[in-house]
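Structure below is model36.pdb: PDB, C-alpha atoms and all ligand atoms.
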ATOM      1  CA  MET A   1     -16.276 -19.976  15.236
ATOM      2  CA  SER A   2     -12.506 -19.903  14.883
ATOM      3  CA  ASN A   3     -10.730 -16.634  15.500
ATOM      4  CA  GLN A   4     -10.264 -16.215  11.753
ATOM      5  CA  GLU A   5     -13.951 -16.827  11.035
ATOM      6  CA  THR A   6     -14.900 -14.244  13.650
ATOM      7  CA  TRP A   7     -12.427 -11.682  12.305
ATOM      8  CA  THR A   8     -13.756 -12.170   8.756
ATOM      9  CA  ALA A   9     -17.396 -11.960   9.882
ATOM     10  CA  VAL A  10     -16.718  -8.760  11.837
ATOM     11  CA  ASP A  11     -14.906  -7.242   8.833
ATOM     12  CA  GLU A  12     -17.959  -8.074   6.696
ATOM     13  CA  TYR A  13     -20.370  -6.650   9.293
ATOM     14  CA  PHE A  14     -18.642  -3.267   9.477
ATOM     15  CA  TYR A  15     -17.917  -3.172   5.781
ATOM     16  CA  SER A  16     -21.483  -3.807   4.676
ATOM     17  CA  GLY A  17     -22.691  -1.216   7.185
ATOM     18  CA  LEU A  18     -20.195   1.489   6.315
ATOM     19  CA  PHE A  19     -19.448   1.035   2.626
ATOM     20  CA  LYS A  20     -20.916   3.745   0.423
ATOM     21  CA  GLY A  21     -19.138   2.837  -2.804
ATOM     22  CA  ASP A  22     -20.225   1.603  -6.198
ATOM     23  CA  GLY A  23     -19.118  -2.022  -6.134
ATOM     24  CA  VAL A  24     -16.386  -1.637  -8.732
ATOM     25  CA  LEU A  25     -13.821  -2.745  -6.143
ATOM     26  CA  ALA A  26     -15.521  -6.133  -5.900
ATOM     27  CA  ASP A  27     -15.302  -6.428  -9.714
ATOM     28  CA  VAL A  28     -11.613  -5.565  -9.475
ATOM     29  CA  GLU A  29     -10.987  -8.297  -6.906
ATOM     30  CA  ARG A  30     -12.878 -10.824  -9.056
ATOM     31  CA  ALA A  31     -10.865  -9.840 -12.150
ATOM     32  CA  SER A  32      -7.588 -10.215 -10.225
ATOM     33  CA  GLU A  33      -8.617 -13.635  -8.964
ATOM     34  CA  ALA A  34      -9.727 -14.736 -12.443
ATOM     35  CA  ALA A  35      -6.320 -13.665 -13.777
ATOM     36  CA  GLY A  36      -4.654 -15.947 -11.228
ATOM     37  CA  LEU A  37      -3.118 -13.231  -9.058
ATOM     38  CA  PRO A  38      -2.434 -14.203  -5.420
ATOM     39  CA  ALA A  39      -5.099 -13.061  -2.914
ATOM     40  CA  ILE A  40      -2.719 -10.786  -1.018
ATOM     41  CA  SER A  41      -4.169  -7.369  -1.774
ATOM     42  CA  VAL A  42      -5.359  -5.175   1.079
ATOM     43  CA  SER A  43      -8.792  -6.104   2.417
ATOM     44  CA  ALA A  44     -11.720  -3.818   1.635
ATOM     45  CA  ALA A  45     -11.476  -2.326   5.132
ATOM     46  CA  GLN A  46      -7.753  -1.665   4.754
ATOM     47  CA  GLY A  47      -8.336  -0.219   1.285
ATOM     48  CA  LYS A  48     -10.983   2.096   2.617
ATOM     49  CA  LEU A  49      -8.667   3.167   5.434
ATOM     50  CA  LEU A  50      -6.033   4.091   2.829
ATOM     51  CA  GLY A  51      -8.632   6.027   0.855
ATOM     52  CA  LEU A  52      -9.844   7.924   3.909
ATOM     53  CA  LEU A  53      -6.271   8.762   4.914
ATOM     54  CA  VAL A  54      -5.606  10.065   1.396
ATOM     55  CA  ARG A  55      -8.777  12.167   1.604
ATOM     56  CA  GLY A  56      -8.000  13.381   5.120
ATOM     57  CA  VAL A  57      -4.453  14.371   4.275
ATOM     58  CA  GLY A  58      -5.650  16.092   1.100
ATOM     59  CA  ALA A  59      -3.087  14.176  -0.940
ATOM     60  CA  HIS A  60      -2.678  15.110  -4.603
ATOM     61  CA  ARG A  61       0.434  13.042  -5.262
ATOM     62  CA  ILE A  62       0.674   9.423  -4.175
ATOM     63  CA  LEU A  63       3.447   6.879  -4.452
ATOM     64  CA  GLU A  64       2.858   3.142  -4.133
ATOM     65  CA  VAL A  65       5.396   0.319  -4.045
ATOM     66  CA  GLY A  66       3.776  -3.016  -4.980
ATOM     67  CA  THR A  67       0.787  -2.695  -7.329
ATOM     68  CA  LEU A  68      -0.360  -6.316  -7.738
ATOM     69  CA  GLY A  69      -3.795  -6.008  -9.428
ATOM     70  CA  GLY A  70      -4.315  -2.368  -8.465
ATOM     71  CA  HIS A  71      -6.740  -2.908  -5.576
ATOM     72  CA  SER A  72      -5.027  -0.596  -3.069
ATOM     73  CA  ALA A  73      -4.115   1.848  -5.868
ATOM     74  CA  ILE A  74      -7.770   2.211  -6.838
ATOM     75  CA  TRP A  75      -8.888   2.839  -3.244
ATOM     76  CA  MET A  76      -6.301   5.610  -2.974
ATOM     77  CA  ALA A  77      -6.800   7.074  -6.462
ATOM     78  CA  LYS A  78     -10.559   7.387  -5.915
ATOM     79  CA  GLU A  79      -9.884   9.792  -3.032
ATOM     80  CA  ILE A  80      -7.024  11.765  -4.560
ATOM     81  CA  GLY A  81      -7.273  15.562  -4.761
ATOM     82  CA  ARG A  82      -7.372  17.027  -8.282
ATOM     83  CA  PRO A  83      -5.151  17.592 -10.105
ATOM     84  CA  GLY A  84      -3.846  14.243  -8.916
ATOM     85  CA  ARG A  85      -1.281  11.610  -9.755
ATOM     86  CA  LEU A  86      -0.553   8.155  -8.384
ATOM     87  CA  VAL A  87       2.700   6.480  -9.412
ATOM     88  CA  THR A  88       2.889   2.777  -8.543
ATOM     89  CA  PHE A  89       5.764   0.317  -8.962
ATOM     90  CA  GLU A  90       5.332  -3.338  -9.901
ATOM     91  CA  LEU A  91       7.988  -5.947 -10.644
ATOM     92  CA  ASP A  92       5.791  -8.463 -12.478
ATOM     93  CA  PRO A  93       4.606  -7.328 -15.943
ATOM     94  CA  ARG A  94       1.637  -9.698 -15.725
ATOM     95  CA  HIS A  95       0.469  -8.084 -12.477
ATOM     96  CA  ALA A  96       0.937  -4.660 -14.060
ATOM     97  CA  GLU A  97      -1.181  -5.670 -17.050
ATOM     98  CA  VAL A  98      -4.048  -6.832 -14.820
ATOM     99  CA  ALA A  99      -3.695  -3.661 -12.744
ATOM    100  CA  ARG A 100      -3.869  -1.450 -15.846
ATOM    101  CA  ALA A 101      -7.154  -3.053 -16.882
ATOM    102  CA  ASN A 102      -8.464  -2.741 -13.312
ATOM    103  CA  VAL A 103      -7.607   0.939 -12.816
ATOM    104  CA  ASP A 104      -9.198   1.710 -16.181
ATOM    105  CA  ARG A 105     -12.304  -0.294 -15.243
ATOM    106  CA  ALA A 106     -12.509   1.658 -11.973
ATOM    107  CA  GLY A 107     -12.441   4.981 -13.834
ATOM    108  CA  VAL A 108      -9.147   6.227 -12.352
ATOM    109  CA  GLY A 109      -6.860   5.148 -15.202
ATOM    110  CA  ASP A 110      -5.980   8.712 -16.143
ATOM    111  CA  LEU A 111      -4.597   9.329 -12.633
ATOM    112  CA  VAL A 112      -2.502   6.175 -12.309
ATOM    113  CA  GLU A 113       0.942   5.540 -13.781
ATOM    114  CA  ILE A 114       2.239   1.968 -13.412
ATOM    115  CA  ARG A 115       6.018   1.613 -13.689
ATOM    116  CA  VAL A 116       7.168  -1.951 -14.329
ATOM    117  CA  GLY A 117      10.444  -3.307 -12.922
ATOM    118  CA  PRO A 118      12.298  -3.573  -9.611
ATOM    119  CA  ALA A 119      10.997  -0.756  -7.423
ATOM    120  CA  ALA A 120      14.397   0.202  -5.975
ATOM    121  CA  GLU A 121      15.669   0.986  -9.478
ATOM    122  CA  GLY A 122      12.429   2.677 -10.446
ATOM    123  CA  LEU A 123      12.460   4.861  -7.345
ATOM    124  CA  GLY A 124      16.063   5.882  -8.074
ATOM    125  CA  LYS A 125      15.053   6.876 -11.585
ATOM    126  CA  LEU A 126      12.016   8.751 -10.295
ATOM    127  CA  LEU A 127      14.208  10.679  -7.835
ATOM    128  CA  ASP A 128      16.501  11.652 -10.756
ATOM    129  CA  GLU A 129      13.456  13.158 -12.471
ATOM    130  CA  ARG A 130      13.119  15.578  -9.531
ATOM    131  CA  PRO A 131       9.336  15.242  -9.376
ATOM    132  CA  GLU A 132       7.009  17.373  -7.274
ATOM    133  CA  PRO A 133       7.098  15.884  -3.772
ATOM    134  CA  PHE A 134       4.645  13.143  -2.890
ATOM    135  CA  ASP A 135       2.085  13.620  -0.087
ATOM    136  CA  PHE A 136       1.232   9.993   0.647
ATOM    137  CA  VAL A 137       3.192   6.757   0.220
ATOM    138  CA  PHE A 138       2.019   3.139   0.519
ATOM    139  CA  ILE A 139       4.801   0.552   0.789
ATOM    140  CA  ASP A 140       3.567  -2.989   0.095
ATOM    141  CA  ALA A 141       6.059  -4.985  -1.982
ATOM    142  CA  ASP A 142       9.005  -7.258  -1.109
ATOM    143  CA  LYS A 143       9.337  -6.791   2.628
ATOM    144  CA  ALA A 144      13.115  -7.358   2.585
ATOM    145  CA  SER A 145      13.485  -3.966   0.879
ATOM    146  CA  ASN A 146      11.263  -2.050   3.302
ATOM    147  CA  ALA A 147      14.136   0.087   4.634
ATOM    148  CA  VAL A 148      15.240   1.016   1.100
ATOM    149  CA  TYR A 149      11.684   2.003   0.145
ATOM    150  CA  LEU A 150      11.266   4.042   3.333
ATOM    151  CA  ASP A 151      14.401   5.999   2.506
ATOM    152  CA  TYR A 152      13.122   6.783  -0.999
ATOM    153  CA  ALA A 153       9.699   7.680   0.389
ATOM    154  CA  VAL A 154      11.254  10.302   2.669
ATOM    155  CA  ARG A 155      13.470  11.662  -0.098
ATOM    156  CA  LEU A 156      10.500  11.888  -2.468
ATOM    157  CA  GLY A 157       8.240  13.369   0.197
ATOM    158  CA  HIS A 158       8.096  16.573   2.261
ATOM    159  CA  PRO A 159       7.513  17.407   5.911
ATOM    160  CA  GLY A 160       3.977  16.166   6.491
ATOM    161  CA  THR A 161       4.117  13.277   4.015
ATOM    162  CA  VAL A 162       2.282  10.254   5.395
ATOM    163  CA  ILE A 163       3.847   6.830   4.825
ATOM    164  CA  VAL A 164       1.992   3.544   5.402
ATOM    165  CA  VAL A 165       3.883   0.230   5.383
ATOM    166  CA  ASP A 166       1.793  -2.948   5.108
ATOM    167  CA  ASN A 167       2.261  -6.367   6.703
ATOM    168  CA  VAL A 168       4.582  -5.497   9.560
ATOM    169  CA  VAL A 169       3.181  -7.873  12.195
ATOM    170  CA  ARG A 170       2.931 -11.093  10.182
ATOM    171  CA  GLY A 171       0.984 -13.090  12.765
ATOM    172  CA  GLY A 172       3.526 -12.026  15.392
ATOM    173  CA  ARG A 173       6.488 -13.363  13.405
ATOM    174  CA  VAL A 174       7.935  -9.848  13.399
ATOM    175  CA  LEU A 175       9.241 -10.461  16.922
ATOM    176  CA  SER A 176      11.899 -13.010  16.028
ATOM    177  CA  ALA A 177      11.209 -15.118  12.921
ATOM    178  CA  PRO A 178      14.257 -15.541  10.654
ATOM    179  CA  ASP A 179      12.422 -15.308   7.315
ATOM    180  CA  GLU A 180      13.415 -12.554   4.884
ATOM    181  CA  ALA A 181      10.194 -10.601   5.278
ATOM    182  CA  SER A 182      10.266 -10.545   9.091
ATOM    183  CA  VAL A 183      13.936  -9.538   9.049
ATOM    184  CA  GLY A 184      13.015  -6.786   6.562
ATOM    185  CA  VAL A 185      10.372  -5.424   8.927
ATOM    186  CA  ARG A 186      12.797  -5.405  11.871
ATOM    187  CA  GLU A 187      15.377  -3.570   9.757
ATOM    188  CA  LEU A 188      12.713  -1.001   8.919
ATOM    189  CA  VAL A 189      11.874  -0.555  12.614
ATOM    190  CA  ASP A 190      15.578  -0.096  13.419
ATOM    191  CA  VAL A 191      15.862   2.579  10.731
ATOM    192  CA  LEU A 192      12.742   4.363  11.969
ATOM    193  CA  ALA A 193      14.041   4.284  15.534
ATOM    194  CA  GLU A 194      17.235   6.025  14.406
ATOM    195  CA  ARG A 195      15.779   8.651  12.077
ATOM    196  CA  ALA A 196      15.079  12.049  13.616
ATOM    197  CA  ASP A 197      13.060  13.201  10.579
ATOM    198  CA  VAL A 198      10.328  10.526  10.674
ATOM    199  CA  ASP A 199       7.932   9.625  13.481
ATOM    200  CA  ALA A 200       6.079   6.324  13.375
ATOM    201  CA  VAL A 201       3.667   3.986  15.102
ATOM    202  CA  ALA A 202       2.789   0.339  14.423
ATOM    203  CA  ILE A 203      -0.842  -0.765  14.647
ATOM    204  CA  GLN A 204      -1.721  -4.451  14.967
ATOM    205  CA  THR A 205      -4.822  -5.556  13.074
ATOM    206  CA  VAL A 206      -7.074  -8.586  12.724
ATOM    207  CA  GLY A 207      -9.583  -9.073   9.918
ATOM    208  CA  SER A 208     -10.255 -11.021   6.755
ATOM    209  CA  ARG A 209      -6.515 -10.992   6.070
ATOM    210  CA  GLY A 210      -5.655 -12.566   9.425
ATOM    211  CA  TYR A 211      -3.473 -11.109  12.178
ATOM    212  CA  ASP A 212      -1.136  -8.490  10.770
ATOM    213  CA  GLY A 213      -0.629  -4.751  11.011
ATOM    214  CA  PHE A 214       0.789  -1.627   9.478
ATOM    215  CA  ILE A 215       3.207   1.144  10.285
ATOM    216  CA  LEU A 216       1.973   4.708   9.960
ATOM    217  CA  ALA A 217       4.796   7.227   9.672
ATOM    218  CA  VAL A 218       4.925  10.967   9.140
ATOM    219  CA  VAL A 219       7.875  12.929   7.798
ATOM    220  CA  THR A 220       8.486  15.553  10.439
ATOM    221  CA  GLY A 221      11.226  17.614   8.828
TER     222      GLY A 221
HETATM  223  N1  LIG A 301      -0.635  -3.203  -2.840
HETATM  224  C1  LIG A 301      -1.330  -4.328  -3.467
HETATM  225  C2  LIG A 301      -0.713  -5.663  -3.050
HETATM  226  C3  LIG A 301       0.747  -5.777  -3.382
HETATM  227  S1  LIG A 301       1.332  -7.454  -3.215
HETATM  228  C4  LIG A 301      -2.793  -4.296  -3.009
HETATM  229  O1  LIG A 301      -3.008  -4.208  -1.802
HETATM  230  O2  LIG A 301      -3.688  -4.358  -3.847
HETATM  231  C5  LIG A 301       3.027  -7.187  -3.479
HETATM  232  C6  LIG A 301       3.393  -6.853  -4.939
HETATM  233  O3  LIG A 301       4.752  -6.408  -4.936
HETATM  234  C7  LIG A 301       3.331  -8.059  -5.898
HETATM  235  O4  LIG A 301       2.534  -7.753  -7.022
HETATM  236  C8  LIG A 301       4.776  -8.273  -6.297
HETATM  237  O5  LIG A 301       4.936  -8.718  -7.640
HETATM  238  C9  LIG A 301       5.371  -6.881  -6.111
HETATM  239  N2  LIG A 301       6.830  -6.856  -5.919
HETATM  240  C10 LIG A 301       7.599  -7.790  -5.318
HETATM  241  N3  LIG A 301       8.884  -7.424  -5.357
HETATM  242  C11 LIG A 301       8.934  -6.228  -5.995
HETATM  243  C12 LIG A 301       9.982  -5.342  -6.367
HETATM  244  N4  LIG A 301      11.264  -5.607  -6.069
HETATM  245  N5  LIG A 301       9.666  -4.214  -7.036
HETATM  246  C13 LIG A 301       8.365  -3.926  -7.322
HETATM  247  N6  LIG A 301       7.336  -4.733  -7.001
HETATM  248  C14 LIG A 301       7.613  -5.860  -6.353
HETATM  249  C1  LIG A 302       1.978 -11.064   1.172
HETATM  250  C2  LIG A 302       2.208  -9.788   0.716
HETATM  251  C3  LIG A 302       1.350  -8.769   1.068
HETATM  252  O1  LIG A 302       1.552  -7.496   0.650
HETATM  253  C4  LIG A 302       0.251  -9.019   1.870
HETATM  254  O2  LIG A 302      -0.565  -7.987   2.192
HETATM  255  C5  LIG A 302       0.015 -10.292   2.328
HETATM  256  C6  LIG A 302       0.881 -11.315   1.981
HETATM  257  C7  LIG A 302       2.888 -12.170   0.790
HETATM  258  O3  LIG A 302       3.846 -11.914   0.063
HETATM  259  O4  LIG A 302       2.620 -13.288   1.198
HETATM  260 MG    MG A 303       0.322  -6.100   1.766
END
Translate this file's structure into structure tokens.
Ligand code: SAH
Ligand code: DHB
Ligand code: MG
Amino acid sequence: MSNQETWTAVDEYFYSGLFKGDGVLADVERASEAAGLPAISVSAAQGKLLGLLVRGVGAHRILEVGTLGGHSAIWMAKEIGRPGRLVTFELDPRHAEVARANVDRAGVGDLVEIRVGPAAEGLGKLLDERPEPFDFVFIDADKASNAVYLDYAVRLGHPGTVIVVDNVVRGGRVLSAPDEASVGVRELVDVLAERADVDAVAIQTVGSRGYDGFILAVVTG
């Protein structure tokens, strides 16, 4: 077996052993695929990790940047504390439309607000609304803007807010590749290294989505 085949098989082994859900997530993935959305959502294992983190943190208010078809949003919303709210930003109205149908299908539609447009603008507007602080943030959109989104996440959060940033390893390209996304990750790491009010770690992962990884950060004060 190739490395990728092994990683996928191992993901499936653990997932089928440990999944206690109702299968609606598989329907959601099928609906997203049928609608022609790219297959770049979090894997089931990554989605479940997000859900368990949300549950463990006791998050009631969640922010997401990059909705796509709502797969990661649903994993998180299913574990949200009540009363709960998840606000997610999506640039592409077609993605947002598919996501709306998916979150409704998954039974969490009343908890999820999808804001359509460029996330940097949307986050600025949200900040102006002076909302209750957010407890958990998942950043998973255009990687070039990672540092901008991190800054908003901290400003919209509170000491203790947990921030997860997806796709920071990129098959190792993070080390030196010149593409926009890899540069965006390195800028984010530089910002995190400088900030005294956020502590962070990067975890490399393999699985059905290849070799990648995420940053886990906590607002410390
Ligand atoms: N979090 C999703 C996957 C997101 S894929 C999941 O795991 O299920 C990245 C998404 O970010 C895409 O839908 C893309 O349209 C969106 N995106 C790209 N640039 C954006 C921007 N500037 N503002 C908001 N969303 C953006
Ligand atoms: C891409 C984006 C993602 O958020 C992801 O998890 C995988 C790939 C992409 O833009 O290619
Ligand atoms: Mg991602």
Inset, instruction - Step by step, measure atom-to-atom distances between ligand LIG 301 (chain A) and each residue using all atoms listed in the file, keep those at most 8 Å, then write them as a ChimeraX atom specification. - result: /A:40-43,47,64-73,89-92,95-96,116-120,138-142,145
Inset, instruction - Take atom CA of Ala45 of chain A and atom C2 of ligand LIG 302 (chain A) and report the distance between them in Å, one decimal. - result: 16.2 Å
Inset, instruction - Run the PyMOL selection byres (((chain A and resi 192) around 12) and not hetatm) against the file shown and list the residues it catches, as a count of residues only. - result: 30
Inset, instruction - Just the residues within 10 Å of Gly58 of chain A, please, counting all atoms listed in the file, with nothing from its chain fewer than 2 positions along; format it as number ranges by chain. - result: A: 52-56, 60-61, 79-82, 135-136
Inset, instruction - Taking the file above as input, evaluate the PyMOL selection byres (((chain A and resi 63) around 6) and not hetatm) and report the hits as number ranges by chain. - result: A: 62, 64, 86-88, 137
Legend entry - Coordinates-based distance that separates atom CA of Val24 of chain A from atom CA of Asp104 of chain A (Å, one decimal):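 These atoms are spaced 10.9 Å apart.
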Add whatever atoms are absent from segment 3-21 of chain A to reach N, CA, C and O atoms, and provide the output as a PDB file, in the coordinates of the input.
ATOM      1  N   ASN A   3     -11.092 -18.051  15.490  1.00  0.00           N
ATOM      2  CA  ASN A   3     -10.730 -16.634  15.500  1.00  0.00           C
ATOM      3  C   ASN A   3     -10.821 -16.036  14.104  1.00  0.00           C
ATOM      4  O   ASN A   3     -11.381 -14.956  13.913  1.00  0.00           O
ATOM      5  N   GLN A   4     -10.275 -16.753  13.123  1.00  0.00           N
ATOM      6  CA  GLN A   4     -10.264 -16.215  11.753  1.00  0.00           C
ATOM      7  C   GLN A   4     -11.685 -16.013  11.227  1.00  0.00           C
ATOM      8  O   GLN A   4     -11.978 -14.997  10.593  1.00  0.00           O
ATOM      9  N   GLU A   5     -12.557 -16.974  11.495  1.00  0.00           N
ATOM     10  CA  GLU A   5     -13.951 -16.827  11.035  1.00  0.00           C
ATOM     11  C   GLU A   5     -14.607 -15.607  11.685  1.00  0.00           C
ATOM     12  O   GLU A   5     -15.342 -14.862  11.037  1.00  0.00           O
ATOM     13  N   THR A   6     -14.341 -15.407  12.963  1.00  0.00           N
ATOM     14  CA  THR A   6     -14.900 -14.244  13.650  1.00  0.00           C
ATOM     15  C   THR A   6     -14.355 -12.950  13.050  1.00  0.00           C
ATOM     16  O   THR A   6     -15.111 -12.015  12.771  1.00  0.00           O
ATOM     17  N   TRP A   7     -13.030 -12.909  12.848  1.00  0.00           N
ATOM     18  CA  TRP A   7     -12.427 -11.682  12.305  1.00  0.00           C
ATOM     19  C   TRP A   7     -13.020 -11.349  10.941  1.00  0.00           C
ATOM     20  O   TRP A   7     -13.303 -10.183  10.631  1.00  0.00           O
ATOM     21  N   THR A   8     -13.200 -12.383  10.093  1.00  0.00           N
ATOM     22  CA  THR A   8     -13.756 -12.170   8.756  1.00  0.00           C
ATOM     23  C   THR A   8     -15.207 -11.699   8.848  1.00  0.00           C
ATOM     24  O   THR A   8     -15.618 -10.757   8.152  1.00  0.00           O
ATOM     25  N   ALA A   9     -15.980 -12.341   9.737  1.00  0.00           N
ATOM     26  CA  ALA A   9     -17.396 -11.960   9.882  1.00  0.00           C
ATOM     27  C   ALA A   9     -17.523 -10.517  10.380  1.00  0.00           C
ATOM     28  O   ALA A   9     -18.396  -9.757   9.929  1.00  0.00           O
ATOM     29  N   VAL A  10     -16.665 -10.126  11.307  1.00  0.00           N
ATOM     30  CA  VAL A  10     -16.718  -8.760  11.837  1.00  0.00           C
ATOM     31  C   VAL A  10     -16.306  -7.758  10.757  1.00  0.00           C
ATOM     32  O   VAL A  10     -16.934  -6.699  10.598  1.00  0.00           O
ATOM     33  N   ASP A  11     -15.286  -8.097   9.968  1.00  0.00           N
ATOM     34  CA  ASP A  11     -14.906  -7.242   8.833  1.00  0.00           C
ATOM     35  C   ASP A  11     -16.113  -7.046   7.918  1.00  0.00           C
ATOM     36  O   ASP A  11     -16.419  -5.930   7.486  1.00  0.00           O
ATOM     37  N   GLU A  12     -16.813  -8.147   7.613  1.00  0.00           N
ATOM     38  CA  GLU A  12     -17.959  -8.074   6.696  1.00  0.00           C
ATOM     39  C   GLU A  12     -19.106  -7.251   7.296  1.00  0.00           C
ATOM     40  O   GLU A  12     -19.759  -6.481   6.605  1.00  0.00           O
ATOM     41  N   TYR A  13     -19.316  -7.424   8.608  1.00  0.00           N
ATOM     42  CA  TYR A  13     -20.370  -6.650   9.293  1.00  0.00           C
ATOM     43  C   TYR A  13     -20.130  -5.143   9.160  1.00  0.00           C
ATOM     44  O   TYR A  13     -20.989  -4.390   8.711  1.00  0.00           O
ATOM     45  N   PHE A  14     -18.927  -4.709   9.534  1.00  0.00           N
ATOM     46  CA  PHE A  14     -18.642  -3.267   9.477  1.00  0.00           C
ATOM     47  C   PHE A  14     -18.622  -2.774   8.043  1.00  0.00           C
ATOM     48  O   PHE A  14     -19.119  -1.694   7.726  1.00  0.00           O
ATOM     49  N   TYR A  15     -18.057  -3.606   7.164  1.00  0.00           N
ATOM     50  CA  TYR A  15     -17.917  -3.172   5.781  1.00  0.00           C
ATOM     51  C   TYR A  15     -19.284  -2.975   5.136  1.00  0.00           C
ATOM     52  O   TYR A  15     -19.539  -1.955   4.489  1.00  0.00           O
ATOM     53  N   SER A  16     -20.178  -3.934   5.329  1.00  0.00           N
ATOM     54  CA  SER A  16     -21.483  -3.807   4.676  1.00  0.00           C
ATOM     55  C   SER A  16     -22.267  -2.649   5.287  1.00  0.00           C
ATOM     56  O   SER A  16     -23.079  -2.011   4.618  1.00  0.00           O
ATOM     57  N   GLY A  17     -22.006  -2.338   6.565  1.00  0.00           N
ATOM     58  CA  GLY A  17     -22.691  -1.216   7.185  1.00  0.00           C
ATOM     59  C   GLY A  17     -22.142   0.134   6.759  1.00  0.00           C
ATOM     60  O   GLY A  17     -22.881   1.106   6.664  1.00  0.00           O
ATOM     61  N   LEU A  18     -20.852   0.191   6.492  1.00  0.00           N
ATOM     62  CA  LEU A  18     -20.195   1.489   6.315  1.00  0.00           C
ATOM     63  C   LEU A  18     -19.784   1.788   4.882  1.00  0.00           C
ATOM     64  O   LEU A  18     -19.361   2.909   4.579  1.00  0.00           O
ATOM     65  N   PHE A  19     -19.894   0.820   4.002  1.00  0.00           N
ATOM     66  CA  PHE A  19     -19.448   1.035   2.626  1.00  0.00           C
ATOM     67  C   PHE A  19     -20.472   1.840   1.839  1.00  0.00           C
ATOM     68  O   PHE A  19     -21.649   1.505   1.824  1.00  0.00           O
ATOM     69  N   LYS A  20     -20.002   2.911   1.205  1.00  0.00           N
ATOM     70  CA  LYS A  20     -20.916   3.745   0.423  1.00  0.00           C
ATOM     71  C   LYS A  20     -20.495   3.780  -1.040  1.00  0.00           C
ATOM     72  O   LYS A  20     -20.849   4.678  -1.767  1.00  0.00           O
ATOM     73  N   GLY A  21     -19.727   2.801  -1.467  1.00  0.00           N
ATOM     74  CA  GLY A  21     -19.138   2.837  -2.804  1.00  0.00           C
ATOM     75  C   GLY A  21     -20.038   2.231  -3.862  1.00  0.00           C
ATOM     76  O   GLY A  21     -21.210   1.949  -3.633  1.00  0.00           O
TER      77      GLY A  21
END
